[in-house]
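Dumped my_file34.pdb below, it's PDB, C-alpha atoms, pLDDT in the B column:
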```
ATOM      1  CA  MET A   1     -44.457  41.815 -38.784  1.00 78.00           C
ATOM      2  CA  ASP A   2     -44.079  40.894 -35.141  1.00 89.00           C
ATOM      3  CA  ASP A   3     -41.505  42.071 -32.610  1.00 95.00           C
ATOM      4  CA  ALA A   4     -39.941  38.655 -31.973  1.00 97.00           C
ATOM      5  CA  PHE A   5     -36.554  39.799 -33.301  1.00 97.00           C
ATOM      6  CA  ASP A   6     -36.435  43.368 -32.007  1.00 97.00           C
ATOM      7  CA  ASP A   7     -33.990  42.600 -29.180  1.00 97.00           C
ATOM      8  CA  LEU A   8     -31.604  40.962 -31.622  1.00 97.00           C
ATOM      9  CA  LEU A   9     -31.856  43.785 -34.155  1.00 97.00           C
ATOM     10  CA  THR A  10     -31.136  46.296 -31.389  1.00 97.00           C
ATOM     11  CA  ALA A  11     -28.069  44.287 -30.372  1.00 98.00           C
ATOM     12  CA  ASN A  12     -27.003  44.111 -34.023  1.00 97.00           C
ATOM     13  CA  ARG A  13     -27.105  47.893 -34.367  1.00 97.00           C
ATOM     14  CA  ALA A  14     -24.817  48.202 -31.321  1.00 97.00           C
ATOM     15  CA  TYR A  15     -22.515  45.563 -32.833  1.00 96.00           C
ATOM     16  CA  ALA A  16     -22.408  47.398 -36.169  1.00 96.00           C
ATOM     17  CA  ASP A  17     -21.380  50.629 -34.413  1.00 96.00           C
ATOM     18  CA  ASP A  18     -17.964  49.064 -33.674  1.00 94.00           C
ATOM     19  CA  PHE A  19     -17.770  46.746 -36.695  1.00 94.00           C
ATOM     20  CA  ASP A  20     -14.185  46.536 -37.959  1.00 90.00           C
ATOM     21  CA  MET A  21     -14.134  43.777 -40.578  1.00 90.00           C
ATOM     22  CA  GLN A  22     -14.967  45.928 -43.605  1.00 90.00           C
ATOM     23  CA  GLY A  23     -13.227  44.647 -46.712  1.00 89.00           C
ATOM     24  CA  PHE A  24     -12.196  41.334 -45.136  1.00 89.00           C
ATOM     25  CA  ASP A  25     -11.717  38.755 -47.895  1.00 91.00           C
ATOM     26  CA  GLY A  26     -13.151  35.746 -46.009  1.00 90.00           C
ATOM     27  CA  ILE A  27      -9.906  33.737 -45.971  1.00 95.00           C
ATOM     28  CA  ALA A  28      -9.513  31.825 -42.687  1.00 96.00           C
ATOM     29  CA  ARG A  29      -6.636  33.849 -41.182  1.00 96.00           C
ATOM     30  CA  ALA A  30      -5.571  31.033 -38.814  1.00 98.00           C
ATOM     31  CA  GLY A  31      -6.098  28.390 -41.510  1.00 98.00           C
ATOM     32  CA  VAL A  32      -8.638  26.587 -39.328  1.00 98.00           C
ATOM     33  CA  ALA A  33     -12.045  25.033 -39.958  1.00 98.00           C
ATOM     34  CA  VAL A  34     -14.106  23.782 -37.024  1.00 98.00           C
ATOM     35  CA  VAL A  35     -16.936  21.310 -37.448  1.00 98.00           C
ATOM     36  CA  THR A  36     -18.925  21.113 -34.246  1.00 98.00           C
ATOM     37  CA  CYS A  37     -22.343  20.611 -32.754  1.00 98.00           C
ATOM     38  CA  MET A  38     -25.029  23.285 -32.739  1.00 98.00           C
ATOM     39  CA  ASP A  39     -25.065  23.136 -28.915  1.00 98.00           C
ATOM     40  CA  SER A  40     -25.144  26.635 -27.438  1.00 97.00           C
ATOM     41  CA  ARG A  41     -22.590  25.697 -24.747  1.00 98.00           C
ATOM     42  CA  ILE A  42     -19.879  25.599 -27.409  1.00 98.00           C
ATOM     43  CA  ASP A  43     -17.992  28.757 -28.395  1.00 98.00           C
ATOM     44  CA  PRO A  44     -15.916  27.434 -31.328  1.00 98.00           C
ATOM     45  CA  LEU A  45     -13.654  30.476 -31.594  1.00 98.00           C
ATOM     46  CA  GLY A  46     -13.241  31.105 -27.865  1.00 98.00           C
ATOM     47  CA  MET A  47     -12.333  27.519 -27.014  1.00 98.00           C
ATOM     48  CA  LEU A  48      -9.402  27.725 -29.448  1.00 98.00           C
ATOM     49  CA  GLY A  49      -8.243  31.256 -28.631  1.00 98.00           C
ATOM     50  CA  LEU A  50      -9.388  32.492 -32.036  1.00 98.00           C
ATOM     51  CA  LYS A  51     -11.386  35.531 -33.113  1.00 95.00           C
ATOM     52  CA  PRO A  52     -13.803  36.299 -35.961  1.00 94.00           C
ATOM     53  CA  GLY A  53     -12.062  35.952 -39.294  1.00 95.00           C
ATOM     54  CA  ASP A  54      -9.643  33.262 -38.079  1.00 97.00           C
ATOM     55  CA  ALA A  55     -11.697  30.163 -38.863  1.00 98.00           C
ATOM     56  CA  LYS A  56     -14.526  28.663 -40.853  1.00 98.00           C
ATOM     57  CA  ILE A  57     -17.238  27.339 -38.532  1.00 98.00           C
ATOM     58  CA  LEU A  58     -19.636  24.587 -39.622  1.00 98.00           C
ATOM     59  CA  ARG A  59     -22.272  23.396 -37.160  1.00 98.00           C
ATOM     60  CA  ASN A  60     -24.914  20.692 -37.104  1.00 98.00           C
ATOM     61  CA  PRO A  61     -26.529  18.327 -34.582  1.00 97.00           C
ATOM     62  CA  GLY A  62     -23.721  16.130 -33.267  1.00 98.00           C
ATOM     63  CA  GLY A  63     -20.885  17.872 -35.117  1.00 98.00           C
ATOM     64  CA  ARG A  64     -20.847  15.342 -37.949  1.00 98.00           C
ATOM     65  CA  ALA A  65     -18.987  15.349 -41.266  1.00 98.00           C
ATOM     66  CA  THR A  66     -22.144  15.332 -43.390  1.00 97.00           C
ATOM     67  CA  GLU A  67     -22.189  15.700 -47.159  1.00 97.00           C
ATOM     68  CA  ARG A  68     -22.815  19.472 -46.892  1.00 97.00           C
ATOM     69  CA  VAL A  69     -20.030  19.819 -44.327  1.00 98.00           C
ATOM     70  CA  LEU A  70     -17.697  18.029 -46.737  1.00 98.00           C
ATOM     71  CA  VAL A  71     -18.589  20.602 -49.398  1.00 98.00           C
ATOM     72  CA  GLY A  72     -17.673  23.366 -46.955  1.00 98.00           C
ATOM     73  CA  LEU A  73     -14.370  21.690 -46.113  1.00 98.00           C
ATOM     74  CA  VAL A  74     -13.508  21.205 -49.781  1.00 97.00           C
ATOM     75  CA  LEU A  75     -14.151  24.901 -50.417  1.00 97.00           C
ATOM     76  CA  GLY A  76     -12.265  25.840 -47.258  1.00 97.00           C
ATOM     77  CA  GLY A  77      -9.209  23.776 -48.136  1.00 96.00           C
ATOM     78  CA  THR A  78      -9.044  24.699 -51.805  1.00 96.00           C
ATOM     79  CA  LEU A  79     -10.216  28.323 -51.860  1.00 96.00           C
ATOM     80  CA  LEU A  80     -10.328  29.795 -48.347  1.00 96.00           C
ATOM     81  CA  GLY A  81      -6.993  29.113 -46.677  1.00 96.00           C
ATOM     82  CA  VAL A  82      -7.958  26.158 -44.472  1.00 98.00           C
ATOM     83  CA  ASP A  83      -5.112  23.767 -43.667  1.00 98.00           C
ATOM     84  CA  ARG A  84      -6.376  22.341 -40.350  1.00 98.00           C
ATOM     85  CA  VAL A  85      -9.793  20.830 -39.665  1.00 98.00           C
ATOM     86  CA  LEU A  86     -11.047  20.111 -36.162  1.00 98.00           C
ATOM     87  CA  LEU A  87     -14.033  17.770 -35.888  1.00 98.00           C
ATOM     88  CA  VAL A  88     -15.422  18.484 -32.419  1.00 98.00           C
ATOM     89  CA  GLN A  89     -18.129  16.527 -30.646  1.00 98.00           C
ATOM     90  CA  HIS A  90     -18.943  17.181 -26.984  1.00 98.00           C
ATOM     91  CA  THR A  91     -19.903  15.630 -23.701  1.00 98.00           C
ATOM     92  CA  ARG A  92     -23.550  15.494 -22.650  1.00 98.00           C
ATOM     93  CA  CYS A  93     -24.718  15.802 -26.263  1.00 98.00           C
ATOM     94  CA  ALA A  94     -28.379  14.911 -26.786  1.00 97.00           C
ATOM     95  CA  VAL A  95     -27.535  13.259 -30.112  1.00 97.00           C
ATOM     96  CA  ALA A  96     -24.944  11.048 -28.390  1.00 97.00           C
ATOM     97  CA  THR A  97     -26.821  10.250 -25.170  1.00 97.00           C
ATOM     98  CA  ASN A  98     -30.153   9.223 -26.699  1.00 97.00           C
ATOM     99  CA  SER A  99     -31.007   6.575 -29.258  1.00 97.00           C
ATOM    100  CA  GLU A 100     -32.523   7.443 -32.616  1.00 96.00           C
ATOM    101  CA  GLU A 101     -35.843   6.080 -31.361  1.00 97.00           C
ATOM    102  CA  GLN A 102     -35.732   8.176 -28.175  1.00 97.00           C
ATOM    103  CA  LEU A 103     -34.958  11.356 -30.081  1.00 97.00           C
ATOM    104  CA  LEU A 104     -37.634  10.780 -32.718  1.00 97.00           C
ATOM    105  CA  THR A 105     -40.226   9.947 -30.074  1.00 98.00           C
ATOM    106  CA  ARG A 106     -39.411  13.143 -28.169  1.00 97.00           C
ATOM    107  CA  VAL A 107     -39.508  15.243 -31.353  1.00 98.00           C
ATOM    108  CA  GLY A 108     -42.795  13.655 -32.391  1.00 98.00           C
ATOM    109  CA  GLU A 109     -44.357  14.308 -29.002  1.00 98.00           C
ATOM    110  CA  ALA A 110     -43.206  17.943 -29.024  1.00 98.00           C
ATOM    111  CA  ALA A 111     -44.350  18.486 -32.623  1.00 98.00           C
ATOM    112  CA  GLY A 112     -47.627  16.655 -32.190  1.00 98.00           C
ATOM    113  CA  GLN A 113     -46.979  14.398 -35.167  1.00 98.00           C
ATOM    114  CA  ASP A 114     -44.921  11.390 -36.136  1.00 97.00           C
ATOM    115  CA  ALA A 115     -41.261  12.260 -36.741  1.00 97.00           C
ATOM    116  CA  HIS A 116     -39.880   8.834 -37.634  1.00 97.00           C
ATOM    117  CA  TRP A 117     -39.267   9.944 -41.210  1.00 97.00           C
ATOM    118  CA  LEU A 118     -36.597  12.374 -39.923  1.00 97.00           C
ATOM    119  CA  ALA A 119     -32.990  11.126 -39.901  1.00 95.00           C
ATOM    120  CA  VAL A 120     -31.398  12.436 -36.694  1.00 95.00           C
ATOM    121  CA  GLU A 121     -28.427  10.060 -36.936  1.00 95.00           C
ATOM    122  CA  ALA A 122     -27.902   9.484 -33.216  1.00 97.00           C
ATOM    123  CA  ILE A 123     -24.323   8.726 -32.176  1.00 98.00           C
ATOM    124  CA  SER A 124     -23.801   5.531 -30.191  1.00 97.00           C
ATOM    125  CA  ASP A 125     -20.000   5.807 -29.820  1.00 97.00           C
ATOM    126  CA  GLN A 126     -18.470   9.279 -30.114  1.00 97.00           C
ATOM    127  CA  ARG A 127     -14.868   8.103 -30.317  1.00 97.00           C
ATOM    128  CA  ARG A 128     -15.635   5.651 -33.112  1.00 98.00           C
ATOM    129  CA  THR A 129     -17.779   8.199 -34.927  1.00 97.00           C
ATOM    130  CA  LEU A 130     -15.045  10.819 -34.690  1.00 98.00           C
ATOM    131  CA  ALA A 131     -12.491   8.373 -36.093  1.00 98.00           C
ATOM    132  CA  GLU A 132     -14.853   7.543 -38.970  1.00 98.00           C
ATOM    133  CA  ASP A 133     -15.498  11.217 -39.697  1.00 98.00           C
ATOM    134  CA  VAL A 134     -11.777  12.067 -39.576  1.00 98.00           C
ATOM    135  CA  HIS A 135     -11.179   9.314 -42.144  1.00 98.00           C
ATOM    136  CA  LYS A 136     -14.118  10.528 -44.262  1.00 98.00           C
ATOM    137  CA  VAL A 137     -12.701  14.059 -44.406  1.00 98.00           C
ATOM    138  CA  ALA A 138      -9.029  13.120 -44.782  1.00 98.00           C
ATOM    139  CA  SER A 139      -9.727  10.626 -47.568  1.00 98.00           C
ATOM    140  CA  HIS A 140     -12.149  12.798 -49.536  1.00 98.00           C
ATOM    141  CA  PRO A 141     -10.717  13.183 -53.058  1.00 98.00           C
ATOM    142  CA  LEU A 142     -11.292  16.954 -53.111  1.00 98.00           C
ATOM    143  CA  VAL A 143      -9.925  17.767 -49.656  1.00 96.00           C
ATOM    144  CA  ALA A 144      -6.442  19.069 -50.339  1.00 90.00           C
ATOM    145  CA  GLU A 145      -3.562  16.799 -49.276  1.00 90.00           C
ATOM    146  CA  HIS A 146      -2.013  19.560 -47.135  1.00 93.00           C
ATOM    147  CA  VAL A 147      -5.117  19.719 -44.917  1.00 97.00           C
ATOM    148  CA  ARG A 148      -4.642  18.051 -41.516  1.00 98.00           C
ATOM    149  CA  VAL A 149      -7.718  16.623 -39.797  1.00 98.00           C
ATOM    150  CA  GLY A 150      -8.227  15.801 -36.127  1.00 98.00           C
ATOM    151  CA  GLY A 151     -11.120  14.533 -34.031  1.00 98.00           C
ATOM    152  CA  PHE A 152     -11.745  16.060 -30.612  1.00 98.00           C
ATOM    153  CA  LEU A 153     -14.127  15.698 -27.697  1.00 98.00           C
ATOM    154  CA  TYR A 154     -15.049  18.951 -25.935  1.00 98.00           C
ATOM    155  CA  ASP A 155     -15.999  18.763 -22.272  1.00 98.00           C
ATOM    156  CA  VAL A 156     -18.885  21.202 -21.728  1.00 98.00           C
ATOM    157  CA  ASP A 157     -18.194  21.211 -17.972  1.00 98.00           C
ATOM    158  CA  THR A 158     -14.475  22.055 -18.071  1.00 98.00           C
ATOM    159  CA  GLY A 159     -13.994  23.737 -21.462  1.00 98.00           C
ATOM    160  CA  LEU A 160     -11.178  21.323 -22.311  1.00 98.00           C
ATOM    161  CA  LEU A 161     -10.622  19.594 -25.645  1.00 98.00           C
ATOM    162  CA  GLU A 162      -9.312  16.032 -25.810  1.00 98.00           C
ATOM    163  CA  ARG A 163      -7.848  14.737 -29.062  1.00 98.00           C
ATOM    164  CA  VAL A 164      -9.391  11.329 -29.719  1.00 96.00           C
ATOM    165  CA  ALA A 165      -8.789  10.700 -33.422  1.00 88.00           C
TER     166      ALA A 165
END
```
Translate the structure of the given file into C-alpha coordinates.
Amino acid sequence: MDDAFDDLLTANRAYADDFDMQGFDGIARAGVAVVTCMDSRIDPLGMLGLKPGDAKILRNPGGRATERVLVGLVLGGTLLGVDRVLLVQHTRCAVATNSEEQLLTRVGEAAGQDAHWLAVEAISDQRRTLAEDVHKVASHPLVAEHVRVGGFLYDVDTGLLERVA
(Lines of atoms letter the chains of each structure in order from A and count residues from 1; the text may use other names and numbers.)
(Lines give C-alpha, C1' and ligand atoms only; values in the text may rest on other atoms or scores of the structure.)
Protein backbone atom coordinates (compact mmCIF):
# COMPACT_ATOMS: atom_id res chain seq x y z
CA MET A 1 0.00 0.00 0.00
CA ASP A 2 1.08 3.57 -0.60
CA ASP A 3 0.77 6.59 1.68
CA ALA A 4 -1.54 8.60 -0.60
CA PHE A 5 -4.34 8.59 1.99
CA ASP A 6 -2.35 8.94 5.21
CA ASP A 7 -3.21 12.63 5.71
CA LEU A 8 -6.90 11.86 5.37
CA LEU A 9 -6.77 8.88 7.71
CA THR A 10 -4.98 11.02 10.29
CA ALA A 11 -7.69 13.67 9.97
CA ASN A 12 -10.34 10.95 10.28
CA ARG A 13 -8.88 9.72 13.57
CA ALA A 14 -9.07 13.28 14.95
CA TYR A 15 -12.66 13.53 13.69
CA ALA A 16 -13.60 10.22 15.32
CA ASP A 17 -12.23 11.44 18.68
CA ASP A 18 -15.17 13.88 18.91
CA PHE A 19 -17.72 11.85 16.92
CA ASP A 20 -21.19 12.29 18.41
CA MET A 21 -23.62 10.66 15.98
CA GLN A 22 -23.54 7.15 17.45
CA GLY A 23 -26.90 5.45 17.11
CA PHE A 24 -28.30 8.04 14.69
CA ASP A 25 -31.05 6.42 12.61
CA GLY A 26 -30.26 8.18 9.30
CA ILE A 27 -33.59 10.04 9.05
CA ALA A 28 -33.10 13.53 7.58
CA ARG A 29 -33.79 15.58 10.74
CA ALA A 30 -34.63 18.76 8.78
CA GLY A 31 -36.59 16.79 6.17
CA VAL A 32 -34.31 18.06 3.40
CA ALA A 33 -32.60 16.45 0.42
CA VAL A 34 -30.11 18.45 -1.62
CA VAL A 35 -29.12 17.47 -5.14
CA THR A 36 -26.12 19.50 -6.21
CA CYS A 37 -22.96 19.49 -8.25
CA MET A 38 -19.77 17.76 -7.15
CA ASP A 39 -17.97 21.13 -7.26
CA SER A 40 -15.77 21.58 -4.20
CA ARG A 41 -16.85 25.23 -3.80
CA ILE A 42 -20.27 24.05 -2.63
CA ASP A 43 -20.92 23.24 1.03
CA PRO A 44 -24.48 21.84 0.81
CA LEU A 45 -25.12 21.85 4.55
CA GLY A 46 -23.40 25.15 5.34
CA MET A 47 -25.16 27.11 2.61
CA LEU A 48 -28.52 26.15 4.15
CA GLY A 49 -27.59 26.53 7.82
CA LEU A 50 -27.82 22.78 8.34
CA LYS A 51 -25.54 20.28 10.07
CA PRO A 52 -24.72 16.59 9.58
CA GLY A 53 -27.81 14.48 10.06
CA ASP A 54 -30.20 17.18 8.83
CA ALA A 55 -30.25 16.36 5.13
CA LYS A 56 -29.62 13.78 2.45
CA ILE A 57 -26.94 14.99 0.03
CA LEU A 58 -26.72 13.67 -3.54
CA ARG A 59 -23.98 15.01 -5.80
CA ASN A 60 -23.01 14.58 -9.43
CA PRO A 61 -21.51 16.67 -12.25
CA GLY A 62 -23.96 19.51 -12.86
CA GLY A 63 -26.34 18.67 -10.00
CA ARG A 64 -28.76 16.79 -12.25
CA ALA A 65 -31.79 14.65 -11.40
CA THR A 66 -30.36 11.47 -12.92
CA GLU A 67 -31.98 8.06 -12.66
CA ARG A 68 -29.83 7.15 -9.62
CA VAL A 69 -30.62 10.49 -7.98
CA LEU A 70 -34.32 9.77 -8.48
CA VAL A 71 -33.85 6.46 -6.66
CA GLY A 72 -32.26 8.34 -3.76
CA LEU A 73 -35.11 10.85 -3.68
CA VAL A 74 -37.73 8.11 -3.74
CA LEU A 75 -36.03 6.42 -0.79
CA GLY A 76 -35.60 9.76 0.96
CA GLY A 77 -39.23 10.75 0.57
CA THR A 78 -40.74 7.38 1.42
CA LEU A 79 -38.38 6.00 4.07
CA LEU A 80 -36.01 8.69 5.35
CA GLY A 81 -38.08 11.71 6.33
CA VAL A 82 -37.48 13.93 3.29
CA ASP A 83 -40.28 16.39 2.53
CA ARG A 84 -38.29 19.11 0.71
CA VAL A 85 -35.93 18.63 -2.22
CA LEU A 86 -33.57 21.35 -3.41
CA LEU A 87 -32.07 20.88 -6.88
CA VAL A 88 -29.04 23.18 -6.87
CA GLN A 89 -26.89 24.06 -9.85
CA HIS A 90 -24.24 26.78 -9.62
CA THR A 91 -22.55 29.62 -11.41
CA ARG A 92 -19.27 29.05 -13.23
CA CYS A 93 -19.97 25.32 -13.54
CA ALA A 94 -17.74 23.53 -16.06
CA VAL A 95 -20.66 21.35 -17.15
CA ALA A 96 -22.75 24.46 -17.87
CA THR A 97 -20.08 26.69 -19.42
CA ASN A 98 -18.64 24.19 -21.91
CA SER A 99 -20.29 22.21 -24.67
CA GLU A 100 -20.36 18.42 -24.65
CA GLU A 101 -17.74 18.45 -27.41
CA GLN A 102 -15.44 20.81 -25.47
CA LEU A 103 -15.66 18.72 -22.32
CA LEU A 104 -15.08 15.42 -24.12
CA THR A 105 -12.14 16.85 -26.04
CA ARG A 106 -10.55 18.11 -22.82
CA VAL A 107 -11.14 14.79 -21.04
CA GLY A 108 -9.74 12.87 -24.00
CA GLU A 109 -6.63 15.04 -24.13
CA ALA A 110 -6.05 14.66 -20.38
CA ALA A 111 -6.66 10.89 -20.47
CA GLY A 112 -4.66 10.33 -23.63
CA GLN A 113 -7.51 8.51 -25.34
CA ASP A 114 -10.80 9.22 -27.04
CA ALA A 115 -13.58 10.02 -24.56
CA HIS A 116 -16.48 10.61 -26.94
CA TRP A 117 -18.22 7.47 -25.71
CA LEU A 118 -18.68 9.15 -22.29
CA ALA A 119 -21.98 10.97 -21.70
CA VAL A 120 -21.15 14.15 -19.76
CA GLU A 121 -24.54 15.74 -20.46
CA ALA A 122 -23.41 19.35 -20.69
CA ILE A 123 -26.00 21.94 -19.66
CA SER A 124 -26.76 24.65 -22.22
CA ASP A 125 -29.42 26.50 -20.18
CA GLN A 126 -29.33 26.07 -16.40
CA ARG A 127 -32.71 27.68 -15.75
CA ARG A 128 -34.45 25.47 -18.30
CA THR A 129 -32.61 22.39 -17.08
CA LEU A 130 -33.55 23.13 -13.48
CA ALA A 131 -37.21 23.54 -14.45
CA GLU A 132 -37.09 20.22 -16.32
CA ASP A 133 -35.44 18.45 -13.39
CA VAL A 134 -37.92 19.92 -10.89
CA HIS A 135 -40.74 18.56 -13.06
CA LYS A 136 -38.98 15.19 -13.39
CA VAL A 137 -38.71 14.83 -9.61
CA ALA A 138 -42.12 16.25 -8.72
CA SER A 139 -43.93 14.10 -11.28
CA HIS A 140 -42.11 10.85 -10.52
CA PRO A 141 -44.75 8.27 -9.54
CA LEU A 142 -42.79 7.10 -6.48
CA VAL A 143 -41.86 10.52 -5.09
CA ALA A 144 -44.36 11.07 -2.31
CA GLU A 145 -47.02 13.74 -2.95
CA HIS A 146 -46.07 15.62 0.24
CA VAL A 147 -42.53 16.23 -1.06
CA ARG A 148 -41.95 19.81 -2.27
CA VAL A 149 -39.32 20.36 -4.96
CA GLY A 150 -37.50 23.56 -5.89
CA GLY A 151 -34.77 24.49 -8.35
CA PHE A 152 -32.02 26.87 -7.26
CA LEU A 153 -28.92 28.52 -8.67
CA TYR A 154 -26.03 28.92 -6.21
CA ASP A 155 -23.62 31.78 -6.79
CA VAL A 156 -20.12 30.48 -5.99
CA ASP A 157 -18.85 34.06 -5.62
CA THR A 158 -21.45 35.34 -3.13
CA GLY A 159 -22.76 32.17 -1.45
CA LEU A 160 -26.34 33.17 -2.26
CA LEU A 161 -29.07 30.88 -3.56
CA GLU A 162 -31.62 32.11 -6.09
CA ARG A 163 -34.85 30.17 -6.58
CA VAL A 164 -35.36 29.74 -10.32
CA ALA A 165 -37.86 26.89 -10.63
Considering all atoms listed in the file, give me a table of residues in segment 79-108 of chain A that are at most 12 Å from segment 54-58 of chain A, with the closest atom pair and distance in Å for each, as a tab-separated table.
```
residue	atom	partner	partner_atom	distance
A:Leu79	CA	A:Lys56	CA	11.8
A:Leu80	CA	A:Lys56	CA	8.7
A:Gly81	CA	A:Ala55	CA	9.2
A:Val82	CA	A:Ala55	CA	7.8
A:Asp83	CA	A:Ala55	CA	10.4
A:Arg84	CA	A:Ala55	CA	9.6
A:Val85	CA	A:Lys56	CA	9.2
A:Leu86	CA	A:Ile57	CA	9.8
A:Leu87	CA	A:Leu58	CA	9.6
A:Val88	CA	A:Leu58	CA	10.3
```
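Candidate residues A:Gly46, A:Gly53, A:Gly112, A:Gly150 were compared for distance to Ala28 of chain A, and the nearest is A:Gly53, using all atoms listed in the file.
Comparing the minimum interatomic distances between Pro61 of chain A and each of A:Glu121, A:Asp25, A:Asp20, A:Asp3, counting all atoms listed in the file, we find that A:Glu121 sits nearest.
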| request: Report the residues retrieved by the PyMOL selection byres ((chain A and resi 122) around 7) from the displayed file, expressed as number ranges by chain. | output: A: 95-96, 98-100, 120-121, 123-124
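Between atom CA of Cys93 of chain A and atom CA of Ala30 of chain A there is a distance of 27.5 Å.
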| query | Skipping near chain neighbours, those fewer than 4 positions away, what residues fall within 9 Å of Met38 of chain A using only C-alpha atoms, listed as a PyMOL selection string? | reply | chain A and resi 42+58-63
